[in-house]
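Step one of this worksheet: look at the structure below.
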Amino acid sequence: MGTAQLIQNLLNGISIGSVYAIFALGYTLVFSILGIINFAHGAIFTLGAYLTYALAVGQFGINGLLSGMSLERQLPFALALLVGSVLAGAIGVLVERFAFRPLRNRGADPLLALVSSLGVALVIVNAIQYLVGAEIYTFPAGVYGELPPALMFQVSGHPVVIRTVQAIIFAVCLLILAVVGYLVRFTKFGKALRAVAENPATASLLGISVDRFILVTFFMSGFLGGTAGALVGTSFGVAGPYFGVTYGLKGLAVIVLGGLGSIPGAVLGGVVIGLSEAFVPADYGAYKEAVAFAFLFIVLLFRPQGILGRKQLQKV
Amino acid sequence: MALLELENVSVGYGSIQAVRQLSLTVEEGEIVTLIGANGAGKSTTLRAVSRLLKVRQGAIRFDGRDITSLPPDRVVRLGIAQGPEGRQVLALQSVQDNLELGAYVRRDREGIREDLARMYRLFPRLDERRHQLAGTLSGGEQQMLAIARALMSRPRLLLLDEPSLGLAPLIVLEIFSIIRDLNAQGVTILLVEQNAKLAMQHSARTYLLEAGQMVFSGPSSELLEDERVLRAYLGG
Ligand SMILES: Nc1ncnc2c1ncn2[C@@H]1O[C@H](COP(=O)(O)OP(=O)(O)OP(=O)(O)O)[C@@H](O)[C@H]1O
Ligand SMILES: [Mg+2]
């Protein structure tokens, strides 16, 4: 592999890896607070893609309830992404309110929450199909405004291409990771959030409203999932209501690889899997999806708690 | 009017009835001790006041206001703090973060800073360990942190669940003298203790619980002389 190819692969891997990171972070936040995997997260990813598409492009295809319709006003891409993600976050809040909280209040087995979130995923996916059909929606080339479609430069005589969308994806994800990292690590909000994650009863003795923090967590998680879906959608097209399923599973591989419940772990896991996919030779492109899981399998052989996961700290 | 009043309160876990028809009062400015054998329902009572457990029957009032069905965070905002049994420090956060979270319900930055400094004066061991993870403190240090953290909310009523548990005798005395100082500064205290004799010596009134029910209430001095009680609870 030449230097140019190497650099190209690195750039591709870091860009897609950063989306995996923010998506997986959505799983991690909910997991650290409730100790459960929210299986609706992949569906919220899908939803985020459709919402952003609807707001930024607003042209619907030939199937579904909204067939042939188009929205009168379109938002600039950045605003559509923001509003779409906020709406995805709001759906996340509804998922908590109606799928998780009632079970939690009745002290139900966490396994039931898992089943319940799978149910929500199905509802979301079916609702999307009902509304806009199963066709592929792609963002038109001009959606980012006047930007050129790609940047190109030469490395020892070979071209390296950075698509504009890749740069946008990376910048957005980096911004989000910085904001979330700062919030969780350094603010009063973050300290309270970590207190709820560590021990909800103790947190409530300190005057922290646990239920409210759980809602906020689901909002953040939904926002992250929605942004990730929109970014992947704008890069590769929104490939039908089930397009979040693969990413949902890949996100699980990412958090287990990075270490369950670890925020830096989710980020590192995302980048590692993004990079490893980028280095799959083009001839073996069909096996790309398997790479995440092969990687996971190998790491878990040597580090069952994931790369940055810690063994359960003794509660004192 | 009593600062805290429990009226015929029953609390339980599933099919277990842990506290039955319990009535007690704590007047403003008092130290009141709640004693009883293991499993008598002392911690359950404090958890009910802090609203971690559902009250099945009866009413809890704080400063005349019915708090029986408020969520736990609201109760803290009203001025009730608890240093829970087994300390329950946030092991993964630093000493200082634990203390700052103790002041979670407050908005007065200046006052919080002053109180933080006050806690470090009160517990110099915590001062030396500000940036250490709370989970790595010794048992005694964690107990101090749990008390200091509860105080950071500037409570009117402090509930302490076995603050002397597992501590060396000298530290126990230190903790009790701090409790007394706090009380002198105006904090009302409801104290649960296994170390019954010491607790009663530091409080004006005592309630004795047996299998979830109140069997004695009165001046601590009276109970300290009671042969029956001495034998059963103080190993005398
Ligand atoms: N989480 C729980 N689930 C079920 N039963 C419980 C629970 N916590 C306490 N109990 C039961 O309730 C009763 C009262 O317990 P509680 O913790 O209030 O006792 P205590 O007086 O504080 O005892 P100790 O001095 O040992 O701390 C006991 O019989 C106990 O087994
Ligand atoms: Mg107890």
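Ordering of the structure tokens sets the chain letters (A, B, ...); residue numbers start at 1 within each chain; ligands are numbered from 1 in the order shown.
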Kindly compile the residues surrounding ligand 1 within 10 Å, counting only C-alpha atoms and all ligand atoms, and format them as a PyMOL selection string. chain B and resi 11-19+34-48+53+85-86+161-162+165+192-194+209-212
Those selected residues, please, written with N, CA, C and O atoms and delivered as a tab-separated table (two decimals), in the first residue's frame.
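Contents of out.tsv, freshly written:
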```tsv
chain	number	residue	atom	x	y	z
B	11	VAL	N	-44.19	1.48	56.97
B	11	VAL	CA	-43.36	1.36	55.77
B	11	VAL	C	-42.93	-0.08	55.62
B	11	VAL	O	-42.76	-0.79	56.62
B	12	GLY	N	-42.75	-0.54	54.40
B	12	GLY	CA	-42.31	-1.92	54.22
B	12	GLY	C	-41.65	-2.15	52.88
B	12	GLY	O	-41.50	-1.24	52.07
B	13	TYR	N	-41.20	-3.38	52.73
B	13	TYR	CA	-40.58	-3.81	51.48
B	13	TYR	C	-41.36	-5.02	51.01
B	13	TYR	O	-41.35	-6.06	51.67
B	14	GLY	N	-42.04	-4.91	49.88
B	14	GLY	CA	-42.82	-6.04	49.41
B	14	GLY	C	-43.78	-6.51	50.48
B	14	GLY	O	-44.57	-5.74	51.02
B	15	SER	N	-43.66	-7.79	50.87
B	15	SER	CA	-44.59	-8.31	51.86
B	15	SER	C	-44.10	-8.06	53.29
B	15	SER	O	-44.79	-8.35	54.25
B	16	ILE	N	-42.88	-7.52	53.41
B	16	ILE	CA	-42.34	-7.26	54.75
B	16	ILE	C	-42.81	-5.92	55.27
B	16	ILE	O	-42.67	-4.90	54.61
B	17	GLN	N	-43.39	-5.95	56.46
B	17	GLN	CA	-43.80	-4.71	57.11
B	17	GLN	C	-42.68	-4.33	58.08
B	17	GLN	O	-42.55	-4.91	59.14
B	18	ALA	N	-41.82	-3.37	57.70
B	18	ALA	CA	-40.62	-3.10	58.49
B	18	ALA	C	-40.87	-2.11	59.61
B	18	ALA	O	-40.24	-2.17	60.67
B	19	VAL	N	-41.79	-1.18	59.40
B	19	VAL	CA	-42.12	-0.19	60.44
B	19	VAL	C	-43.63	-0.10	60.52
B	19	VAL	O	-44.31	0.03	59.50
B	34	LEU	N	-32.57	7.52	67.95
B	34	LEU	CA	-33.46	6.40	67.65
B	34	LEU	C	-32.61	5.14	67.76
B	34	LEU	O	-31.63	4.98	67.04
B	35	ILE	N	-32.96	4.29	68.74
B	35	ILE	CA	-32.17	3.07	68.90
B	35	ILE	C	-33.05	1.84	68.76
B	35	ILE	O	-34.28	1.92	68.74
B	36	GLY	N	-32.41	0.70	68.68
B	36	GLY	CA	-33.13	-0.56	68.54
B	36	GLY	C	-32.18	-1.62	68.01
B	36	GLY	O	-31.11	-1.29	67.49
B	37	ALA	N	-32.58	-2.87	68.15
B	37	ALA	CA	-31.72	-3.97	67.72
B	37	ALA	C	-31.59	-3.98	66.19
B	37	ALA	O	-32.28	-3.24	65.50
B	38	ASN	N	-30.72	-4.83	65.69
B	38	ASN	CA	-30.58	-4.99	64.24
B	38	ASN	C	-31.93	-5.38	63.64
B	38	ASN	O	-32.62	-6.24	64.18
B	39	GLY	N	-32.28	-4.73	62.57
B	39	GLY	CA	-33.52	-5.08	61.89
B	39	GLY	C	-34.76	-4.49	62.52
B	39	GLY	O	-35.88	-4.79	62.13
B	40	ALA	N	-34.58	-3.59	63.50
B	40	ALA	CA	-35.74	-3.02	64.20
B	40	ALA	C	-36.52	-2.05	63.30
B	40	ALA	O	-37.69	-1.78	63.54
B	41	GLY	N	-35.84	-1.50	62.31
B	41	GLY	CA	-36.55	-0.58	61.40
B	41	GLY	C	-36.04	0.85	61.46
B	41	GLY	O	-36.67	1.77	60.95
B	42	LYS	N	-34.85	1.04	62.05
B	42	LYS	CA	-34.31	2.39	62.20
B	42	LYS	C	-33.97	3.02	60.85
B	42	LYS	O	-34.41	4.13	60.53
B	43	SER	N	-33.18	2.29	60.05
B	43	SER	CA	-32.81	2.83	58.74
B	43	SER	C	-34.04	3.01	57.86
B	43	SER	O	-34.15	3.98	57.10
B	44	THR	N	-34.97	2.07	57.98
B	44	THR	CA	-36.21	2.17	57.21
B	44	THR	C	-36.93	3.47	57.53
B	44	THR	O	-37.44	4.16	56.64
B	45	THR	N	-36.96	3.81	58.81
B	45	THR	CA	-37.62	5.05	59.22
B	45	THR	C	-36.95	6.26	58.57
B	45	THR	O	-37.63	7.13	58.01
B	46	LEU	N	-35.61	6.31	58.62
B	46	LEU	CA	-34.91	7.44	58.01
B	46	LEU	C	-35.13	7.47	56.49
B	46	LEU	O	-35.30	8.54	55.91
B	47	ARG	N	-35.13	6.29	55.87
B	47	ARG	CA	-35.36	6.25	54.43
B	47	ARG	C	-36.75	6.76	54.08
B	47	ARG	O	-36.95	7.40	53.04
B	48	ALA	N	-37.70	6.47	54.96
B	48	ALA	CA	-39.06	6.97	54.69
B	48	ALA	C	-39.09	8.49	54.79
B	48	ALA	O	-39.71	9.15	53.96
B	53	LEU	N	-38.45	5.56	50.39
B	53	LEU	CA	-39.41	4.47	50.47
B	53	LEU	C	-40.82	5.03	50.52
B	53	LEU	O	-41.05	6.10	51.09
B	85	GLU	N	-26.77	5.10	56.03
B	85	GLU	CA	-26.07	3.96	56.60
B	85	GLU	C	-25.05	3.44	55.58
B	85	GLU	O	-25.30	3.43	54.38
B	86	GLY	N	-23.88	3.05	56.07
B	86	GLY	CA	-22.87	2.51	55.16
B	86	GLY	C	-22.26	3.58	54.27
B	86	GLY	O	-21.72	3.30	53.21
B	161	ASP	N	-27.40	8.07	60.02
B	161	ASP	CA	-27.63	6.64	60.25
B	161	ASP	C	-26.31	5.96	60.60
B	161	ASP	O	-25.48	5.71	59.74
B	162	GLU	N	-26.14	5.68	61.87
B	162	GLU	CA	-24.96	5.02	62.39
B	162	GLU	C	-23.65	5.67	61.98
B	162	GLU	O	-22.80	5.04	61.35
B	165	LEU	N	-20.38	3.76	62.97
B	165	LEU	CA	-20.19	2.36	62.57
B	165	LEU	C	-18.78	2.09	62.07
B	165	LEU	O	-18.30	2.73	61.14
B	192	VAL	N	-29.48	7.86	64.47
B	192	VAL	CA	-29.66	6.42	64.65
B	192	VAL	C	-28.31	5.84	65.05
B	192	VAL	O	-27.31	6.13	64.40
B	193	GLU	N	-28.28	5.07	66.11
B	193	GLU	CA	-26.99	4.57	66.57
B	193	GLU	C	-27.08	3.16	67.17
B	193	GLU	O	-28.02	2.82	67.86
B	194	GLN	N	-26.06	2.36	66.88
B	194	GLN	CA	-25.87	1.10	67.59
B	194	GLN	C	-25.17	1.38	68.91
B	194	GLN	O	-25.37	0.69	69.91
B	209	LEU	N	-37.00	1.44	69.28
B	209	LEU	CA	-37.81	0.65	68.34
B	209	LEU	C	-37.57	-0.83	68.57
B	209	LEU	O	-36.45	-1.26	68.82
B	210	GLU	N	-38.65	-1.60	68.45
B	210	GLU	CA	-38.50	-3.04	68.54
B	210	GLU	C	-39.37	-3.65	67.46
B	210	GLU	O	-40.58	-3.41	67.45
B	211	ALA	N	-38.78	-4.42	66.58
B	211	ALA	CA	-39.52	-5.07	65.49
B	211	ALA	C	-40.49	-4.10	64.82
B	211	ALA	O	-41.66	-4.41	64.61
B	212	GLY	N	-39.99	-2.92	64.51
B	212	GLY	CA	-40.80	-1.98	63.73
B	212	GLY	C	-41.79	-1.17	64.54
B	212	GLY	O	-42.53	-0.36	63.98
```
For stretch 20-23 of chain A, work out the shell of residues within 10 Å, counting only C-alpha atoms and skipping chain neighbours fewer than 4 positions away, then give it as a ChimeraX atom specification. /A:14-16,27-28,41-42,45,172-174,176-177,180,221-229,232,247-248,250-252,254-255,258,263-274
Those residues with N, CA and C atoms, as a compact mmCIF listing (two decimals), in the first residue's frame please?
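Saved result, again_15.txt, follows:
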```
# COMPACT_ATOMS: atom_id res chain seq x y z
N ILE A 14 -11.18 7.67 9.91
CA ILE A 14 -11.43 8.59 11.02
C ILE A 14 -12.77 9.29 10.86
N SER A 15 -13.12 9.59 9.62
CA SER A 15 -14.40 10.26 9.39
C SER A 15 -15.58 9.36 9.79
N ILE A 16 -15.60 8.15 9.25
CA ILE A 16 -16.74 7.27 9.58
C ILE A 16 -16.64 6.83 11.04
N TYR A 27 -25.59 4.93 23.13
CA TYR A 27 -25.80 3.69 23.88
C TYR A 27 -25.17 3.80 25.27
N THR A 28 -23.93 4.31 25.28
CA THR A 28 -23.16 4.33 26.52
C THR A 28 -23.83 5.17 27.60
N HIS A 41 -32.19 2.38 19.83
CA HIS A 41 -31.20 3.37 19.41
C HIS A 41 -30.94 3.34 17.90
N GLY A 42 -30.91 2.15 17.33
CA GLY A 42 -30.71 2.02 15.88
C GLY A 42 -31.88 2.64 15.11
N PHE A 45 -31.54 6.33 15.11
CA PHE A 45 -30.54 6.66 14.09
C PHE A 45 -31.25 6.84 12.73
N VAL A 172 -18.46 17.96 12.71
CA VAL A 172 -19.66 17.91 13.56
C VAL A 172 -19.44 16.95 14.73
N CYS A 173 -18.88 15.78 14.42
CA CYS A 173 -18.69 14.78 15.48
C CYS A 173 -17.69 15.26 16.52
N LEU A 174 -16.64 15.90 16.05
CA LEU A 174 -15.63 16.40 16.97
C LEU A 174 -16.23 17.46 17.91
N ILE A 176 -19.36 17.75 18.74
CA ILE A 176 -20.29 17.10 19.68
C ILE A 176 -19.53 16.39 20.79
N LEU A 177 -18.47 15.68 20.42
CA LEU A 177 -17.70 14.96 21.44
C LEU A 177 -17.09 15.94 22.44
N VAL A 180 -20.02 17.21 24.72
CA VAL A 180 -20.47 16.18 25.67
C VAL A 180 -19.38 15.89 26.70
N SER A 221 -28.95 10.94 24.30
CA SER A 221 -28.74 9.72 23.54
C SER A 221 -29.48 9.78 22.19
N GLY A 222 -30.74 10.21 22.23
CA GLY A 222 -31.52 10.32 20.99
C GLY A 222 -30.92 11.35 20.05
N PHE A 223 -30.45 12.46 20.62
CA PHE A 223 -29.82 13.50 19.82
C PHE A 223 -28.59 12.93 19.10
N LEU A 224 -27.75 12.23 19.85
CA LEU A 224 -26.54 11.64 19.27
C LEU A 224 -26.88 10.63 18.19
N GLY A 225 -27.86 9.76 18.48
CA GLY A 225 -28.28 8.76 17.50
C GLY A 225 -28.81 9.43 16.25
N GLY A 226 -29.65 10.46 16.44
CA GLY A 226 -30.23 11.17 15.31
C GLY A 226 -29.18 11.86 14.46
N THR A 227 -28.24 12.53 15.11
CA THR A 227 -27.17 13.19 14.35
C THR A 227 -26.38 12.16 13.56
N ALA A 228 -26.03 11.06 14.20
CA ALA A 228 -25.24 10.03 13.52
C ALA A 228 -25.97 9.53 12.29
N GLY A 229 -27.27 9.24 12.45
CA GLY A 229 -28.05 8.75 11.32
C GLY A 229 -28.09 9.76 10.18
N VAL A 232 -24.64 9.84 8.43
CA VAL A 232 -24.43 8.68 7.56
C VAL A 232 -25.34 8.78 6.33
N TYR A 247 -26.22 -0.48 11.60
CA TYR A 247 -25.46 0.45 12.43
C TYR A 247 -25.75 0.22 13.91
N GLY A 248 -26.99 -0.15 14.20
CA GLY A 248 -27.35 -0.47 15.58
C GLY A 248 -26.48 -1.58 16.13
N LYS A 250 -23.58 -2.58 14.83
CA LYS A 250 -22.18 -2.15 14.83
C LYS A 250 -21.90 -1.29 16.07
N GLY A 251 -22.87 -0.45 16.42
CA GLY A 251 -22.72 0.39 17.62
C GLY A 251 -22.54 -0.46 18.86
N LEU A 252 -23.25 -1.58 18.92
CA LEU A 252 -23.09 -2.49 20.06
C LEU A 252 -21.67 -3.04 20.09
N VAL A 254 -19.10 -1.59 18.97
CA VAL A 254 -18.23 -0.48 19.38
C VAL A 254 -18.18 -0.34 20.90
N ILE A 255 -19.35 -0.36 21.55
CA ILE A 255 -19.32 -0.13 23.01
C ILE A 255 -18.73 -1.31 23.76
N GLY A 258 -14.98 -1.00 23.22
CA GLY A 258 -14.39 0.09 23.99
C GLY A 258 -14.48 -0.13 25.48
N ILE A 263 -17.16 6.25 28.47
CA ILE A 263 -17.32 7.25 27.41
C ILE A 263 -16.08 7.31 26.51
N PRO A 264 -14.87 7.41 27.08
CA PRO A 264 -13.69 7.36 26.19
C PRO A 264 -13.65 6.05 25.42
N GLY A 265 -14.13 4.97 26.04
CA GLY A 265 -14.16 3.67 25.38
C GLY A 265 -15.03 3.70 24.13
N ALA A 266 -16.20 4.34 24.22
CA ALA A 266 -17.09 4.42 23.07
C ALA A 266 -16.40 5.18 21.94
N VAL A 267 -15.71 6.25 22.28
CA VAL A 267 -15.04 7.06 21.26
C VAL A 267 -13.90 6.27 20.61
N LEU A 268 -13.08 5.67 21.45
CA LEU A 268 -11.96 4.90 20.93
C LEU A 268 -12.46 3.72 20.09
N GLY A 269 -13.46 3.01 20.62
CA GLY A 269 -14.03 1.87 19.90
C GLY A 269 -14.54 2.28 18.54
N GLY A 270 -15.23 3.43 18.48
CA GLY A 270 -15.76 3.91 17.22
C GLY A 270 -14.66 4.16 16.21
N VAL A 271 -13.62 4.84 16.65
CA VAL A 271 -12.53 5.16 15.73
C VAL A 271 -11.80 3.89 15.29
N VAL A 272 -11.59 2.97 16.23
CA VAL A 272 -10.90 1.73 15.88
C VAL A 272 -11.68 0.95 14.83
N ILE A 273 -12.98 0.86 15.02
CA ILE A 273 -13.78 0.09 14.06
C ILE A 273 -13.88 0.82 12.72
N GLY A 274 -14.01 2.14 12.77
CA GLY A 274 -14.02 2.92 11.53
C GLY A 274 -12.74 2.69 10.74
```
Please indicate the distance in Å from atom CA of B:Leu160 to atom CA of B:Glu222, rounded to one decimal place.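 Between atom CA of B:Leu160 and atom CA of B:Glu222 the gap works out to 22.7 Å.
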Chain B contacts to chain A at 6 Å (only C-alpha atoms) as a PDB file with C-alpha atoms, in the first residue's frame:
```
ATOM      1  CA  PRO B  72     -36.710  12.681  47.511  1.00  0.00           C
ATOM      2  CA  ASP B  73     -35.073  15.658  45.816  1.00  0.00           C
ATOM      3  CA  VAL B  76     -33.685  17.883  50.340  1.00  0.00           C
ATOM      4  CA  GLY B 102     -23.801  17.857  48.689  1.00  0.00           C
ATOM      5  CA  VAL B 105     -29.688  22.148  45.675  1.00  0.00           C
TER       6      VAL B 105
END
```
Taking only C-alpha atoms and all ligand atoms into account, name the residue in B:Pro163, B:Arg118, B:Gly79, B:Pro219 that is nearest to ligand 2.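 For ligand 2, the nearest of the candidates is B:Pro163.
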Excluding stretch 93-100 of chain A and its own-chain neighbours fewer than 5 positions away, which residues fall within 8 Å of it when counting only C-alpha atoms? Please give them as a ChimeraX atom specification. /A:113,116-117,120,214-216,218-219,222
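Taking only C-alpha atoms, the non-local environment of stretch 57-62 of chain A within 8 Å (same-chain residues fewer than 2 positions away omitted) comprises Tyr53, Ala54, Leu55, Gly64, Leu66, Ser67, Gly68, Met69, Ser70, Leu71, Glu72, Arg73, Gln74, Leu75, Val132, Gly133, Glu135, Tyr137, Phe139, Pro140 and Val143 of chain A.
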Residues from the last selection, C-alpha atoms, saved as a PDB file, in the first residue's frame:
```pdb
ATOM      1  CA  TYR A  53     -33.771  14.707   5.029  1.00  0.00           C
ATOM      2  CA  ALA A  54     -37.346  15.920   5.370  1.00  0.00           C
ATOM      3  CA  LEU A  55     -36.260  19.274   6.785  1.00  0.00           C
ATOM      4  CA  GLY A  64     -46.134   5.683   1.525  1.00  0.00           C
ATOM      5  CA  LEU A  66     -46.571  11.127   2.071  1.00  0.00           C
ATOM      6  CA  SER A  67     -45.889   9.992  -1.506  1.00  0.00           C
ATOM      7  CA  GLY A  68     -45.478  12.767  -4.023  1.00  0.00           C
ATOM      8  CA  MET A  69     -45.647  15.416  -1.349  1.00  0.00           C
ATOM      9  CA  SER A  70     -43.023  18.026  -0.836  1.00  0.00           C
ATOM     10  CA  LEU A  71     -42.515  20.523   1.941  1.00  0.00           C
ATOM     11  CA  GLU A  72     -42.760  24.143   0.952  1.00  0.00           C
ATOM     12  CA  ARG A  73     -39.825  25.409   2.920  1.00  0.00           C
ATOM     13  CA  GLN A  74     -36.437  23.829   3.275  1.00  0.00           C
ATOM     14  CA  LEU A  75     -33.959  24.557   6.002  1.00  0.00           C
ATOM     15  CA  VAL A 132     -42.432   7.401   3.212  1.00  0.00           C
ATOM     16  CA  GLY A 133     -42.098   3.861   1.893  1.00  0.00           C
ATOM     17  CA  GLU A 135     -37.156   3.529  -1.101  1.00  0.00           C
ATOM     18  CA  TYR A 137     -33.528   8.817  -0.315  1.00  0.00           C
ATOM     19  CA  PHE A 139     -29.357  14.161  -0.344  1.00  0.00           C
ATOM     20  CA  PRO A 140     -28.808  16.244  -3.509  1.00  0.00           C
ATOM     21  CA  VAL A 143     -27.403  20.505  -0.038  1.00  0.00           C
TER      22      VAL A 143
END
```
Per DSSP on the backbone, what are the strand (DSSP E or B) residues of stretch 116-218 of chain B, as a list in words?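 The residues of stretch 116-218 of chain B classed as strand (DSSP E or B) are Leu133, Leu157, Leu158, Leu159, Leu160, Asp161, Thr188, Ile189, Leu190, Leu191, Val192, Arg205, Thr206, Tyr207, Leu208, Leu209, Glu210, Gln213, Met214, Val215, Phe216, Ser217 and Gly218 of chain B.
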Work out how far atom CA of B:Tyr120 is from atom CA of B:Gln96, in Å to one decimal.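 Between these atoms lies a distance of 9.7 Å.
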If I take atom CA of B:Met152 and atom CA of A:Thr217, how far is one from the other in Å, to one decimal?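 A separation of 26.1 Å between them.
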Could you name the residues that touch A:Arg310 at 9 Å or less, counting only C-alpha atoms, but leaving out those on the same chain fewer than 6 positions away, as a ChimeraX atom specification? /A:259-260,262
With only C-alpha atoms and all ligand atoms as the atoms that count, which of B:Arg51, B:Arg65, B:Arg87, B:Arg56 lies nearest to ligand 2?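 Counting only C-alpha atoms and all ligand atoms, the residue closest to ligand 2 is B:Arg87.
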Excluding same-chain residues fewer than 6 positions from B:Ile147, what lies within 10 Å of it counting only C-alpha atoms, as a PyMOL selection string? chain B and resi 81-84+87+89+99+102+119+123+141+158-161+163+175+178-179
